[in-house]
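Peer 1: Starting off with a structure, shown below.
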Amino acid sequence: MDLQFLNIIKNNLKLTNTQPVVIAFSGGMDSVCLLNLFTTLENPLIIAHFNHGIRKHADRDEQFARMRARQLGCDFVSQKADVLEFAKEYHLSLEEAARKRRYDFLYRVARNNAAPYIAVGHHADDQIETIFMHLLRGSGLSGLAGMKDIAVIPEFDSEIKILRPLLSFWRYEIEEYCTKNNLDYVVDETNFSNLYERNRIRHEILPFLNERYSGLNQRLLNMANVLQGEDELIQERLSKIWDSICLQQDRRFIRLNLPELKKQPLGLQRRIIRFVAFLLRPDLRDLSFKNIENLLNFMDKNKTGEIDLQDRLVAIFTNKEILFGSKSKDWMGLLFPQIRDTVKIETGKHDCIQVSENWLFQIELINAPINNQIKTENEFTVLLDREKISDYIFLRGRKDGDRFQPLGMEIGSIKISDIFINEKIMQAAREKWPLVTNSDNRILWIPGYRPAHEFRVTDSTKKIIKMSVLKKIS
(Lines give C-alpha, C1' and ligand atoms only; values in the text may rest on other atoms or scores of the structure.)
Protein backbone atom coordinates (compact mmCIF):
# COMPACT_ATOMS: atom_id res chain seq x y z
CA MET A 1 0.00 0.00 0.00
CA ASP A 2 2.87 2.37 0.79
CA LEU A 3 4.34 2.06 -2.71
CA GLN A 4 0.97 2.47 -4.40
CA PHE A 5 0.29 5.54 -2.24
CA LEU A 6 3.64 7.08 -3.24
CA ASN A 7 2.88 6.46 -6.92
CA ILE A 8 -0.48 8.20 -6.54
CA ILE A 9 1.12 11.17 -4.80
CA LYS A 10 3.87 11.48 -7.41
CA ASN A 11 2.08 10.60 -10.66
CA ASN A 12 -1.60 11.45 -10.11
CA LEU A 13 -1.51 14.29 -7.62
CA LYS A 14 1.97 15.61 -8.55
CA LEU A 15 2.60 16.79 -5.00
CA THR A 16 6.06 18.18 -4.24
CA ASN A 17 7.83 17.70 -0.91
CA THR A 18 7.83 21.39 -0.01
CA GLN A 19 4.07 22.02 -0.14
CA PRO A 20 2.24 22.08 3.22
CA VAL A 21 -0.81 19.83 3.46
CA VAL A 22 -3.77 20.06 5.81
CA ILE A 23 -4.77 16.57 6.97
CA ALA A 24 -8.49 16.24 7.73
CA PHE A 25 -8.13 14.06 10.82
CA SER A 26 -11.21 12.67 12.56
CA GLY A 27 -9.27 10.00 14.44
CA GLY A 28 -11.12 7.23 12.62
CA MET A 29 -9.48 4.41 10.71
CA ASP A 30 -9.42 6.19 7.34
CA SER A 31 -7.83 9.41 8.60
CA VAL A 32 -5.32 7.51 10.77
CA CYS A 33 -4.20 5.54 7.70
CA LEU A 34 -4.06 8.75 5.63
CA LEU A 35 -1.96 10.59 8.21
CA ASN A 36 0.45 7.71 8.66
CA LEU A 37 1.04 7.47 4.90
CA PHE A 38 1.69 11.21 4.69
CA THR A 39 4.31 10.99 7.44
CA THR A 40 6.43 8.98 4.96
CA LEU A 41 6.69 12.17 2.89
CA GLU A 42 8.60 15.35 3.69
CA ASN A 43 5.66 17.73 3.39
CA PRO A 44 4.88 19.99 6.36
CA LEU A 45 1.63 18.67 7.84
CA ILE A 46 -1.13 20.53 9.68
CA ILE A 47 -3.50 18.16 11.46
CA ALA A 48 -7.01 19.61 11.52
CA HIS A 49 -9.77 18.10 13.65
CA PHE A 50 -13.38 19.24 13.50
CA ASN A 51 -15.53 18.39 16.52
CA HIS A 52 -19.16 18.24 15.38
CA GLY A 53 -20.41 18.21 18.95
CA ILE A 54 -23.02 15.59 18.03
CA ARG A 55 -21.68 12.30 19.33
CA LYS A 56 -21.24 11.14 22.90
CA HIS A 57 -17.48 10.60 22.46
CA ALA A 58 -16.77 13.68 20.32
CA ASP A 59 -14.49 15.28 22.94
CA ARG A 60 -12.62 11.99 23.38
CA ASP A 61 -11.95 11.88 19.63
CA GLU A 62 -10.62 15.45 19.68
CA GLN A 63 -8.25 14.57 22.50
CA PHE A 64 -7.07 11.50 20.57
CA ALA A 65 -6.34 13.69 17.53
CA ARG A 66 -4.47 16.25 19.64
CA MET A 67 -2.34 13.51 21.22
CA ARG A 68 -1.52 11.98 17.81
CA ALA A 69 -0.39 15.36 16.48
CA ARG A 70 1.81 15.85 19.54
CA GLN A 71 3.41 12.42 19.05
CA LEU A 72 4.26 13.26 15.43
CA GLY A 73 5.39 16.82 16.19
CA CYS A 74 2.83 18.27 13.77
CA ASP A 75 0.87 21.49 14.07
CA PHE A 76 -2.64 20.86 15.35
CA VAL A 77 -5.82 22.91 14.89
CA SER A 78 -9.28 22.01 16.15
CA GLN A 79 -12.70 23.56 16.27
CA LYS A 80 -15.90 22.60 18.03
CA ALA A 81 -19.23 23.69 16.56
CA ASP A 82 -22.92 23.19 17.20
CA VAL A 83 -23.87 21.47 13.96
CA LEU A 84 -27.41 20.70 15.15
CA GLU A 85 -28.14 24.39 15.68
CA PHE A 86 -26.55 25.24 12.31
CA ALA A 87 -28.76 22.66 10.57
CA LYS A 88 -31.90 24.11 12.17
CA GLU A 89 -30.96 27.71 11.38
CA TYR A 90 -30.30 27.06 7.68
CA HIS A 91 -32.89 24.28 7.19
CA LEU A 92 -30.29 21.66 6.25
CA SER A 93 -30.07 17.95 6.86
CA LEU A 94 -27.68 17.04 9.65
CA GLU A 95 -25.34 15.43 7.10
CA GLU A 96 -25.24 18.51 4.90
CA ALA A 97 -24.80 20.86 7.86
CA ALA A 98 -21.88 18.78 9.15
CA ARG A 99 -20.30 18.77 5.69
CA LYS A 100 -20.55 22.56 5.32
CA ARG A 101 -19.16 23.36 8.76
CA ARG A 102 -16.36 20.81 8.41
CA TYR A 103 -15.20 22.11 5.04
CA ASP A 104 -15.52 25.74 6.15
CA PHE A 105 -13.13 24.86 8.97
CA LEU A 106 -10.67 22.89 6.81
CA TYR A 107 -10.42 25.61 4.17
CA ARG A 108 -9.91 28.27 6.83
CA VAL A 109 -7.05 26.24 8.30
CA ALA A 110 -5.53 25.85 4.82
CA ARG A 111 -5.74 29.59 4.10
CA ASN A 112 -4.28 30.51 7.49
CA ASN A 113 -1.32 28.21 6.86
CA ALA A 114 -0.84 29.02 3.15
CA ALA A 115 -1.48 25.34 2.38
CA PRO A 116 -2.53 24.65 -1.22
CA TYR A 117 -3.91 21.20 -0.37
CA ILE A 118 -6.34 19.53 2.01
CA ALA A 119 -6.05 15.73 2.20
CA VAL A 120 -9.15 13.74 3.13
CA GLY A 121 -9.54 10.01 3.75
CA HIS A 122 -12.23 9.13 1.19
CA HIS A 123 -11.73 5.60 -0.12
CA ALA A 124 -13.28 3.30 -2.73
CA ASP A 125 -16.22 2.29 -0.53
CA ASP A 126 -17.00 5.98 0.04
CA GLN A 127 -16.90 6.44 -3.72
CA ILE A 128 -19.51 3.72 -4.29
CA GLU A 129 -21.77 5.17 -1.58
CA THR A 130 -21.46 8.65 -3.11
CA ILE A 131 -22.35 7.35 -6.58
CA PHE A 132 -25.42 5.63 -5.15
CA MET A 133 -26.50 8.78 -3.32
CA HIS A 134 -26.25 10.74 -6.57
CA LEU A 135 -28.10 8.01 -8.45
CA LEU A 136 -30.99 8.11 -6.00
CA ARG A 137 -31.19 11.90 -6.33
CA GLY A 138 -31.36 11.72 -10.12
CA SER A 139 -27.93 13.20 -10.78
CA GLY A 140 -26.39 13.80 -14.20
CA LEU A 141 -23.15 12.40 -15.55
CA SER A 142 -20.93 14.47 -13.24
CA GLY A 143 -22.65 13.02 -10.17
CA LEU A 144 -22.45 9.43 -11.41
CA ALA A 145 -18.74 9.94 -12.12
CA GLY A 146 -18.26 10.29 -8.38
CA MET A 147 -15.41 11.97 -6.53
CA LYS A 148 -12.06 12.75 -8.15
CA ASP A 149 -8.69 12.11 -6.54
CA ILE A 150 -7.85 15.81 -6.91
CA ALA A 151 -10.53 18.49 -7.12
CA VAL A 152 -11.48 22.08 -6.42
CA ILE A 153 -14.72 22.81 -4.57
CA PRO A 154 -15.66 26.40 -5.61
CA GLU A 155 -18.35 26.49 -2.93
CA PHE A 156 -15.51 26.90 -0.42
CA ASP A 157 -12.43 28.03 -2.38
CA SER A 158 -11.51 28.35 -6.06
CA GLU A 159 -7.81 27.53 -5.66
CA ILE A 160 -7.13 25.22 -2.70
CA LYS A 161 -7.35 21.61 -3.85
CA ILE A 162 -8.85 18.58 -2.15
CA LEU A 163 -6.65 15.47 -2.32
CA ARG A 164 -8.12 11.97 -2.07
CA PRO A 165 -5.10 9.66 -2.33
CA LEU A 166 -7.00 6.69 -0.81
CA LEU A 167 -9.78 6.74 -3.39
CA SER A 168 -8.55 3.58 -5.14
CA PHE A 169 -8.24 1.60 -1.87
CA TRP A 170 -11.07 -0.43 -0.34
CA ARG A 171 -12.02 -0.20 3.32
CA TYR A 172 -10.69 -3.69 4.06
CA GLU A 173 -7.27 -2.69 2.65
CA ILE A 174 -7.15 0.32 4.94
CA GLU A 175 -8.12 -1.84 7.91
CA GLU A 176 -5.34 -4.33 7.02
CA TYR A 177 -2.84 -1.45 6.79
CA CYS A 178 -3.77 -0.15 10.24
CA THR A 179 -3.53 -3.65 11.74
CA LYS A 180 -0.17 -4.33 10.10
CA ASN A 181 1.28 -1.03 11.38
CA ASN A 182 -0.29 -1.28 14.86
CA LEU A 183 -2.21 1.96 14.40
CA ASP A 184 -4.85 2.82 16.97
CA TYR A 185 -7.98 4.68 15.90
CA VAL A 186 -11.32 5.71 17.33
CA VAL A 187 -14.66 4.33 16.18
CA ASP A 188 -17.48 6.71 15.26
CA GLU A 189 -20.61 5.09 16.69
CA THR A 190 -22.84 7.07 14.28
CA ASN A 191 -21.36 5.02 11.42
CA PHE A 192 -23.63 2.19 12.55
CA SER A 193 -26.82 4.23 12.72
CA ASN A 194 -29.20 3.93 9.78
CA LEU A 195 -30.69 7.34 10.54
CA TYR A 196 -28.31 8.80 7.96
CA GLU A 197 -28.74 8.28 4.22
CA ARG A 198 -25.14 7.24 3.61
CA ASN A 199 -25.29 4.65 6.37
CA ARG A 200 -28.51 3.13 4.97
CA ILE A 201 -26.76 2.75 1.62
CA ARG A 202 -23.67 1.30 3.33
CA HIS A 203 -25.40 -1.17 5.64
CA GLU A 204 -28.58 -2.10 3.77
CA ILE A 205 -28.68 -1.33 0.05
CA LEU A 206 -25.15 -2.17 -1.10
CA PRO A 207 -24.81 -5.43 0.90
CA PHE A 208 -28.19 -6.55 -0.49
CA LEU A 209 -27.13 -5.82 -4.09
CA ASN A 210 -23.64 -7.25 -3.75
CA GLU A 211 -25.05 -10.48 -2.38
CA ARG A 212 -27.08 -10.92 -5.58
CA TYR A 213 -24.65 -9.33 -8.05
CA SER A 214 -21.17 -10.46 -7.14
CA GLY A 215 -18.46 -7.88 -7.83
CA LEU A 216 -20.94 -4.99 -8.17
CA ASN A 217 -18.83 -2.56 -6.16
CA GLN A 218 -15.81 -3.06 -8.38
CA ARG A 219 -17.92 -2.61 -11.51
CA LEU A 220 -19.36 0.60 -10.10
CA LEU A 221 -15.86 1.83 -9.33
CA ASN A 222 -14.79 0.99 -12.90
CA MET A 223 -17.87 2.79 -14.21
CA ALA A 224 -16.94 5.91 -12.23
CA ASN A 225 -13.46 5.89 -13.75
CA VAL A 226 -14.90 5.59 -17.27
CA LEU A 227 -17.51 8.31 -16.67
CA GLN A 228 -14.91 10.69 -15.26
CA GLY A 229 -13.05 10.53 -18.57
CA GLU A 230 -16.23 11.07 -20.56
CA ASP A 231 -17.30 13.86 -18.23
CA GLU A 232 -13.99 15.62 -18.86
CA LEU A 233 -14.54 15.36 -22.64
CA ILE A 234 -17.97 16.99 -22.36
CA GLN A 235 -16.56 19.72 -20.12
CA GLU A 236 -13.79 20.37 -22.66
CA ARG A 237 -16.41 20.71 -25.41
CA LEU A 238 -18.38 23.12 -23.22
CA SER A 239 -15.25 25.19 -22.55
CA LYS A 240 -14.57 25.54 -26.27
CA ILE A 241 -18.04 26.88 -27.08
CA TRP A 242 -18.63 28.83 -23.85
CA ASP A 243 -17.47 32.18 -25.26
CA SER A 244 -19.89 31.89 -28.18
CA ILE A 245 -22.82 31.09 -25.88
CA CYS A 246 -22.11 33.25 -22.82
CA LEU A 247 -22.88 36.92 -23.46
CA GLN A 248 -21.93 38.09 -19.98
CA GLN A 249 -20.81 36.40 -16.79
CA ASP A 250 -20.91 37.88 -13.31
CA ARG A 251 -20.96 36.21 -9.92
CA ARG A 252 -24.59 37.37 -9.58
CA PHE A 253 -25.97 36.69 -13.06
CA ILE A 254 -25.15 35.03 -16.38
CA ARG A 255 -26.54 35.91 -19.80
CA LEU A 256 -26.65 33.26 -22.53
CA ASN A 257 -27.10 33.67 -26.26
CA LEU A 258 -30.39 31.89 -26.86
CA PRO A 259 -30.00 31.11 -30.60
CA GLU A 260 -26.52 29.68 -29.98
CA LEU A 261 -27.76 27.56 -27.07
CA LYS A 262 -30.53 26.12 -29.26
CA LYS A 263 -27.94 24.98 -31.83
CA GLN A 264 -26.28 22.64 -29.33
CA PRO A 265 -27.14 18.95 -28.90
CA LEU A 266 -29.67 18.23 -26.17
CA GLY A 267 -27.09 16.62 -23.88
CA LEU A 268 -24.87 19.68 -24.11
CA GLN A 269 -27.83 22.00 -23.49
CA ARG A 270 -28.51 20.15 -20.24
CA ARG A 271 -24.84 20.34 -19.25
CA ILE A 272 -24.72 24.10 -19.98
CA ILE A 273 -27.74 24.73 -17.74
CA ARG A 274 -26.20 22.67 -14.93
CA PHE A 275 -22.93 24.54 -15.43
CA VAL A 276 -24.65 27.93 -15.20
CA ALA A 277 -26.46 26.92 -12.01
CA PHE A 278 -23.18 25.65 -10.56
CA LEU A 279 -21.37 28.92 -11.39
CA LEU A 280 -24.05 31.00 -9.70
CA ARG A 281 -24.69 28.64 -6.80
CA PRO A 282 -21.68 26.38 -6.15
CA ASP A 283 -23.49 24.99 -3.12
CA LEU A 284 -26.37 23.77 -5.30
CA ARG A 285 -25.20 20.18 -5.58
CA ASP A 286 -28.00 18.50 -7.54
CA LEU A 287 -30.10 20.44 -10.05
CA SER A 288 -33.23 18.37 -10.66
CA PHE A 289 -33.98 16.76 -14.00
CA LYS A 290 -37.54 18.13 -13.84
CA ASN A 291 -36.39 21.75 -13.54
CA ILE A 292 -33.92 21.39 -16.39
CA GLU A 293 -36.57 19.84 -18.65
CA ASN A 294 -39.06 22.61 -17.76
CA LEU A 295 -36.51 25.19 -18.85
CA LEU A 296 -35.74 23.36 -22.10
CA ASN A 297 -39.46 22.99 -22.90
CA PHE A 298 -39.98 26.69 -22.25
CA MET A 299 -37.08 27.43 -24.59
CA ASP A 300 -38.38 25.13 -27.36
CA LYS A 301 -41.76 26.89 -27.34
CA ASN A 302 -40.03 30.23 -28.03
CA LYS A 303 -41.69 31.80 -25.02
CA THR A 304 -40.56 34.95 -23.27
CA GLY A 305 -40.91 35.43 -19.55
CA GLU A 306 -39.57 34.05 -16.31
CA ILE A 307 -39.48 30.59 -14.77
CA ASP A 308 -38.16 29.28 -11.44
CA LEU A 309 -35.13 27.08 -11.86
CA GLN A 310 -34.30 25.86 -8.35
CA ASP A 311 -33.30 27.08 -4.91
CA ARG A 312 -34.03 30.80 -5.51
CA LEU A 313 -32.59 30.80 -9.03
CA VAL A 314 -34.66 32.10 -11.98
CA ALA A 315 -34.25 32.05 -15.75
CA ILE A 316 -35.59 35.06 -17.67
CA PHE A 317 -36.20 34.59 -21.39
CA THR A 318 -36.20 37.26 -24.09
CA ASN A 319 -36.24 36.65 -27.83
CA LYS A 320 -32.46 36.61 -27.99
CA GLU A 321 -31.11 35.55 -24.61
CA ILE A 322 -31.64 33.78 -21.29
CA LEU A 323 -30.66 35.62 -18.15
CA PHE A 324 -29.97 33.53 -15.04
CA GLY A 325 -29.79 35.03 -11.56
CA SER A 326 -31.24 35.03 -8.06
CA LYS A 327 -34.98 35.40 -7.62
CA SER A 328 -34.47 38.64 -5.68
CA LYS A 329 -33.17 40.27 -8.90
CA ASP A 330 -30.87 42.49 -6.85
CA TRP A 331 -28.48 42.25 -9.82
CA MET A 332 -30.91 43.88 -12.30
CA GLY A 333 -29.39 47.32 -11.74
CA LEU A 334 -26.04 46.03 -13.02
CA LEU A 335 -27.56 45.41 -16.44
CA PHE A 336 -30.25 48.03 -16.90
CA PRO A 337 -30.87 51.52 -15.51
CA GLN A 338 -32.98 51.08 -12.40
CA ILE A 339 -34.18 53.63 -9.87
CA ARG A 340 -35.77 53.07 -6.47
CA ASP A 341 -36.68 56.57 -5.30
CA THR A 342 -37.66 59.72 -7.16
CA VAL A 343 -34.70 62.04 -7.75
CA LYS A 344 -35.08 65.81 -8.24
CA ILE A 345 -32.48 67.41 -10.54
CA GLU A 346 -31.79 71.07 -11.28
CA THR A 347 -31.58 71.83 -15.02
CA GLY A 348 -29.81 75.19 -14.97
CA LYS A 349 -26.24 73.90 -14.71
CA HIS A 350 -23.87 71.21 -15.86
CA ASP A 351 -24.10 68.34 -13.43
CA CYS A 352 -23.52 64.63 -13.00
CA ILE A 353 -25.19 62.92 -10.08
CA GLN A 354 -25.52 59.33 -8.91
CA VAL A 355 -29.16 58.31 -9.08
CA SER A 356 -28.80 54.67 -8.04
CA GLU A 357 -26.10 52.28 -6.95
CA ASN A 358 -24.86 51.64 -10.47
CA TRP A 359 -26.12 54.55 -12.60
CA LEU A 360 -25.37 58.24 -13.11
CA PHE A 361 -27.43 61.04 -14.66
CA GLN A 362 -25.53 63.76 -16.51
CA ILE A 363 -26.70 67.16 -17.77
CA GLU A 364 -24.83 69.36 -20.24
CA LEU A 365 -25.99 72.79 -21.41
CA ILE A 366 -25.30 73.81 -25.00
CA ASN A 367 -25.76 77.51 -25.67
CA ALA A 368 -25.72 77.35 -29.43
CA PRO A 369 -28.17 76.61 -32.25
CA ILE A 370 -28.36 73.02 -33.36
CA ASN A 371 -26.05 71.95 -36.16
CA ASN A 372 -24.95 68.74 -37.78
CA GLN A 373 -22.09 68.30 -35.34
CA ILE A 374 -24.34 67.84 -32.34
CA LYS A 375 -25.40 64.22 -32.15
CA THR A 376 -26.35 61.74 -29.48
CA GLU A 377 -23.97 58.87 -28.82
CA ASN A 378 -26.67 56.25 -28.19
CA GLU A 379 -30.25 55.78 -27.04
CA PHE A 380 -29.21 56.59 -23.47
CA THR A 381 -28.34 60.15 -24.47
CA VAL A 382 -30.91 62.70 -25.64
CA LEU A 383 -31.01 66.34 -26.86
CA LEU A 384 -34.02 68.43 -25.81
CA ASP A 385 -35.15 72.03 -26.18
CA ARG A 386 -33.92 73.61 -22.98
CA GLU A 387 -36.37 76.52 -23.09
CA LYS A 388 -39.35 74.14 -22.99
CA ILE A 389 -38.14 72.42 -19.84
CA SER A 390 -38.75 73.57 -16.28
CA ASP A 391 -36.02 74.52 -13.80
CA TYR A 392 -36.25 71.06 -12.26
CA ILE A 393 -36.78 67.62 -13.68
CA PHE A 394 -37.44 64.34 -11.94
CA LEU A 395 -36.30 60.76 -12.40
CA ARG A 396 -38.88 58.27 -11.21
CA GLY A 397 -40.19 54.79 -11.86
CA ARG A 398 -43.34 54.16 -13.86
CA LYS A 399 -46.82 54.56 -12.44
CA ASP A 400 -50.17 53.08 -13.41
CA GLY A 401 -51.69 55.09 -16.24
CA ASP A 402 -48.41 56.66 -17.43
CA ARG A 403 -48.64 57.77 -21.05
CA PHE A 404 -46.07 59.21 -23.44
CA GLN A 405 -46.05 61.09 -26.75
CA PRO A 406 -42.90 59.80 -28.47
CA LEU A 407 -40.95 61.68 -31.11
CA GLY A 408 -42.82 61.50 -34.42
CA MET A 409 -46.29 61.13 -32.87
CA GLU A 410 -47.83 64.55 -33.43
CA ILE A 411 -51.24 63.70 -31.99
CA GLY A 412 -52.14 61.42 -29.12
CA SER A 413 -50.05 59.31 -26.79
CA ILE A 414 -49.23 55.70 -25.96
CA LYS A 415 -49.11 53.76 -22.72
CA ILE A 416 -45.67 53.35 -21.20
CA SER A 417 -46.46 49.67 -20.67
CA ASP A 418 -47.09 49.25 -24.40
CA ILE A 419 -43.80 50.95 -25.24
CA PHE A 420 -41.93 48.56 -22.94
CA ILE A 421 -43.61 45.61 -24.63
CA ASN A 422 -42.93 46.91 -28.14
CA GLU A 423 -39.31 47.67 -27.32
CA LYS A 424 -38.97 44.21 -25.73
CA ILE A 425 -37.63 45.64 -22.48
CA MET A 426 -37.26 42.74 -20.07
CA GLN A 427 -40.35 42.56 -17.88
CA ALA A 428 -38.33 42.23 -14.70
CA ALA A 429 -36.59 45.56 -15.48
CA ARG A 430 -39.70 47.60 -16.32
CA GLU A 431 -41.00 48.51 -12.87
CA LYS A 432 -37.90 50.47 -11.82
CA TRP A 433 -36.90 51.73 -15.27
CA PRO A 434 -36.26 55.50 -14.91
CA LEU A 435 -38.55 58.02 -16.62
CA VAL A 436 -37.57 61.69 -16.95
CA THR A 437 -40.45 64.10 -16.17
CA ASN A 438 -40.87 67.86 -15.78
CA SER A 439 -42.45 69.64 -12.83
CA ASP A 440 -45.90 69.00 -14.35
CA ASN A 441 -45.20 65.25 -14.30
CA ARG A 442 -45.11 65.10 -18.11
CA ILE A 443 -42.65 62.54 -19.43
CA LEU A 444 -39.80 64.17 -21.36
CA TRP A 445 -37.79 61.09 -22.16
CA ILE A 446 -37.59 57.35 -21.63
CA PRO A 447 -33.87 56.48 -21.41
CA GLY A 448 -33.11 53.82 -23.98
CA TYR A 449 -35.99 55.11 -26.15
CA ARG A 450 -37.05 58.29 -27.95
CA PRO A 451 -37.63 61.76 -26.44
CA ALA A 452 -41.07 63.30 -26.18
CA HIS A 453 -42.27 64.94 -29.39
CA GLU A 454 -43.19 68.25 -27.73
CA PHE A 455 -39.71 68.74 -26.22
CA ARG A 456 -37.70 67.78 -29.29
CA VAL A 457 -34.97 69.94 -30.79
CA THR A 458 -36.13 71.82 -33.91
CA ASP A 459 -34.66 74.37 -36.32
CA SER A 460 -35.95 77.14 -34.06
CA THR A 461 -34.25 75.74 -30.93
CA LYS A 462 -31.71 78.15 -29.45
CA LYS A 463 -30.66 76.40 -26.29
CA ILE A 464 -30.12 72.69 -25.93
CA ILE A 465 -29.98 70.50 -22.85
CA LYS A 466 -28.19 67.20 -23.24
CA MET A 467 -29.14 64.39 -20.84
CA SER A 468 -27.34 61.09 -20.44
CA VAL A 469 -27.88 58.00 -18.34
CA LEU A 470 -24.46 56.45 -17.71
CA LYS A 471 -23.29 53.21 -16.17
CA LYS A 472 -21.11 53.90 -13.16
CA ILE A 473 -17.57 52.63 -13.63
CA SER A 474 -16.65 50.48 -10.65
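Residue names in the C-alpha coordinates use chain letters A, B, ... in the order shown, residue numbers from 1 in each chain, and ligand numbers from 1 in the order shown.
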I need the residues in region 121-305 of chain A that are strand (DSSP E or B) according to DSSP; give them as a ChimeraX atom specification.
Peer 2: /A:150-152,161-163,246-249,253-257,305
Peer 1: Write out as an MDAnalysis selection string the set of residues from region 223-458 of chain A that DSSP, computed on the backbone, places in helix (DSSP H, G or I).
Peer 2: chainID A and resid 223:245 258:263 266:280 289:300 332:335 386:388 416:422 427:430 453:455
Peer 1: Ser413 (chain A): which residues within 8 Å, counting only C-alpha atoms, same-chain residues fewer than 3 positions away excluded, as an MDAnalysis selection string?
Peer 2: chainID A and resid 403:406 409
Peer 1: May I have the residues within 8 Å of region 152-160 of chain A as a list in words, using only C-alpha atoms and disregarding those fewer than 2 positions away in the same chain?
Peer 2: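 Counting only the stated atoms, we get Tyr103, Asp104, Tyr107, Ala110, Ala115, Pro116, Tyr117, Ile118, Ile150, Ile162, Arg281, Pro282 and Asp283 of chain A.
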Peer 1: To one decimal place, how far is CA of Leu261 (chain A) from CA of Arg137 (chain A) in Å?
Peer 2: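 So the two atoms, CA of Leu261 (chain A) and CA of Arg137 (chain A), lie 26.2 Å apart.
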Peer 1: Determine, counting only C-alpha atoms, which protein, DNA and RNA residues have an atom within 10 Å of an atom of region 130-135 of chain A; residues of the same chain fewer than 3 positions away are not included. Present the result as a list in words.
Peer 2: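 Counting only C-alpha atoms, the residues come to Ala124, Asp125, Asp126, Gln127, Gly138, Ser139, Gly140, Leu141, Ser142, Gly143, Leu144, Ala145, Gly146, Met147, Glu197, Arg198, Ile201, Arg202, Ile205, Leu206, Leu220, Leu221, Met223, Ala224, Arg285 and Asp286 of chain A.
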Peer 1: Any idea what the distance is between CA of Val457 (chain A) and CA of Leu383 (chain A)?
Peer 2: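 Separation of CA of Val457 (chain A) and CA of Leu383 (chain A): 6.6 Å.
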Peer 1: Select, from A:Thr342, A:Asn378, A:Ser31, A:Thr437, the residue with the minimum atom-to-atom distance to Tyr185 (chain A), counting only C-alpha atoms.
Peer 2: A:Ser31
Peer 1: How close does region 125-236 of chain A get to region 33-37 of chain A? List, as a tab-separated table, each residue of region 125-236 of chain A within 9 Å, its nearest atom pair and the distance in Å to one decimal, counting only C-alpha atoms.
Peer 2:
```
residue	atom	partner	partner_atom	distance
A:Pro165	CA	A:Leu34	CA	8.1
A:Leu166	CA	A:Leu34	CA	7.4
A:Ile174	CA	A:Cys33	CA	6.6
A:Glu175	CA	A:Cys33	CA	8.4
A:Tyr177	CA	A:Cys33	CA	7.2
A:Cys178	CA	A:Cys33	CA	6.3
A:Leu183	CA	A:Cys33	CA	7.9
```
Peer 1: Grab the residues selected above and save them as a short mmCIF file (atom, residue, chain, number, x, y, z; two decimals), in the first residue's frame with N, CA and C atoms.
Peer 2:
```
data_model
loop_
_atom_site.label_atom_id
_atom_site.label_comp_id
_atom_site.auth_asym_id
_atom_site.auth_seq_id
_atom_site.Cartn_x
_atom_site.Cartn_y
_atom_site.Cartn_z
N PRO A 165 -6.05 10.69 -1.89
CA PRO A 165 -5.10 9.66 -2.33
C PRO A 165 -5.52 8.23 -1.99
N LEU A 166 -6.55 8.04 -1.16
CA LEU A 166 -7.00 6.69 -0.81
C LEU A 166 -8.18 6.23 -1.65
N ILE A 174 -7.54 -0.67 3.95
CA ILE A 174 -7.15 0.32 4.94
C ILE A 174 -7.12 -0.30 6.33
N GLU A 175 -8.09 -1.15 6.61
CA GLU A 175 -8.12 -1.84 7.91
C GLU A 175 -6.89 -2.75 8.06
N TYR A 177 -4.01 -2.32 6.63
CA TYR A 177 -2.84 -1.45 6.79
C TYR A 177 -2.71 -1.01 8.25
N CYS A 178 -3.80 -0.61 8.85
CA CYS A 178 -3.77 -0.15 10.24
C CYS A 178 -3.36 -1.29 11.18
N LEU A 183 -1.69 0.59 14.27
CA LEU A 183 -2.21 1.96 14.40
C LEU A 183 -3.54 1.95 15.13
#
```
Peer 1: Quick one: residues within 9 Å of region 234-237 of chain A, only C-alpha atoms counted, chain neighbours fewer than 5 positions away excluded, as number ranges by chain?
Peer 2: A: 229, 242, 268, 271
Peer 1: So that I can see what lies close to Thr39 (chain A), please list as a list of chain:residue names the residues with an atom at most 12 Å from it, counting only C-alpha atoms and leaving out residues fewer than 4 positions away in the same chain.
Peer 2: A:Asp2, A:Phe5, A:Leu6, A:Asn17, A:Val21, A:Ile23, A:Val32, A:Cys33, A:Leu34, A:Leu35, A:Asn43, A:Pro44, A:Leu45, A:Ile46, A:Ile47, A:Arg68, A:Ala69, A:Gln71, A:Leu72, A:Gly73, A:Cys74
Peer 1: Please compute the CA of Phe324 (chain A)-CA of Ala277 (chain A) distance, one decimal, in Å.
Peer 2: 8.1 Å
Peer 1: Select, from A:Leu92, A:Asp330, A:Val469, A:Ala315, the residue with the minimum atom-to-atom distance to Glu364 (chain A), counting only C-alpha atoms.
Peer 2: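 Answer, going by the shortest atom-to-atom distance: A:Val469.
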Peer 1: Compare A:Asn7, A:Thr304, A:Ser356, A:Asn12 by their minimum atom-to-atom distance to Asp341 (chain A), counting only C-alpha atoms, and give me the closest one.
Peer 2: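 Result for the nearest residue to Asp341 (chain A): A:Ser356.
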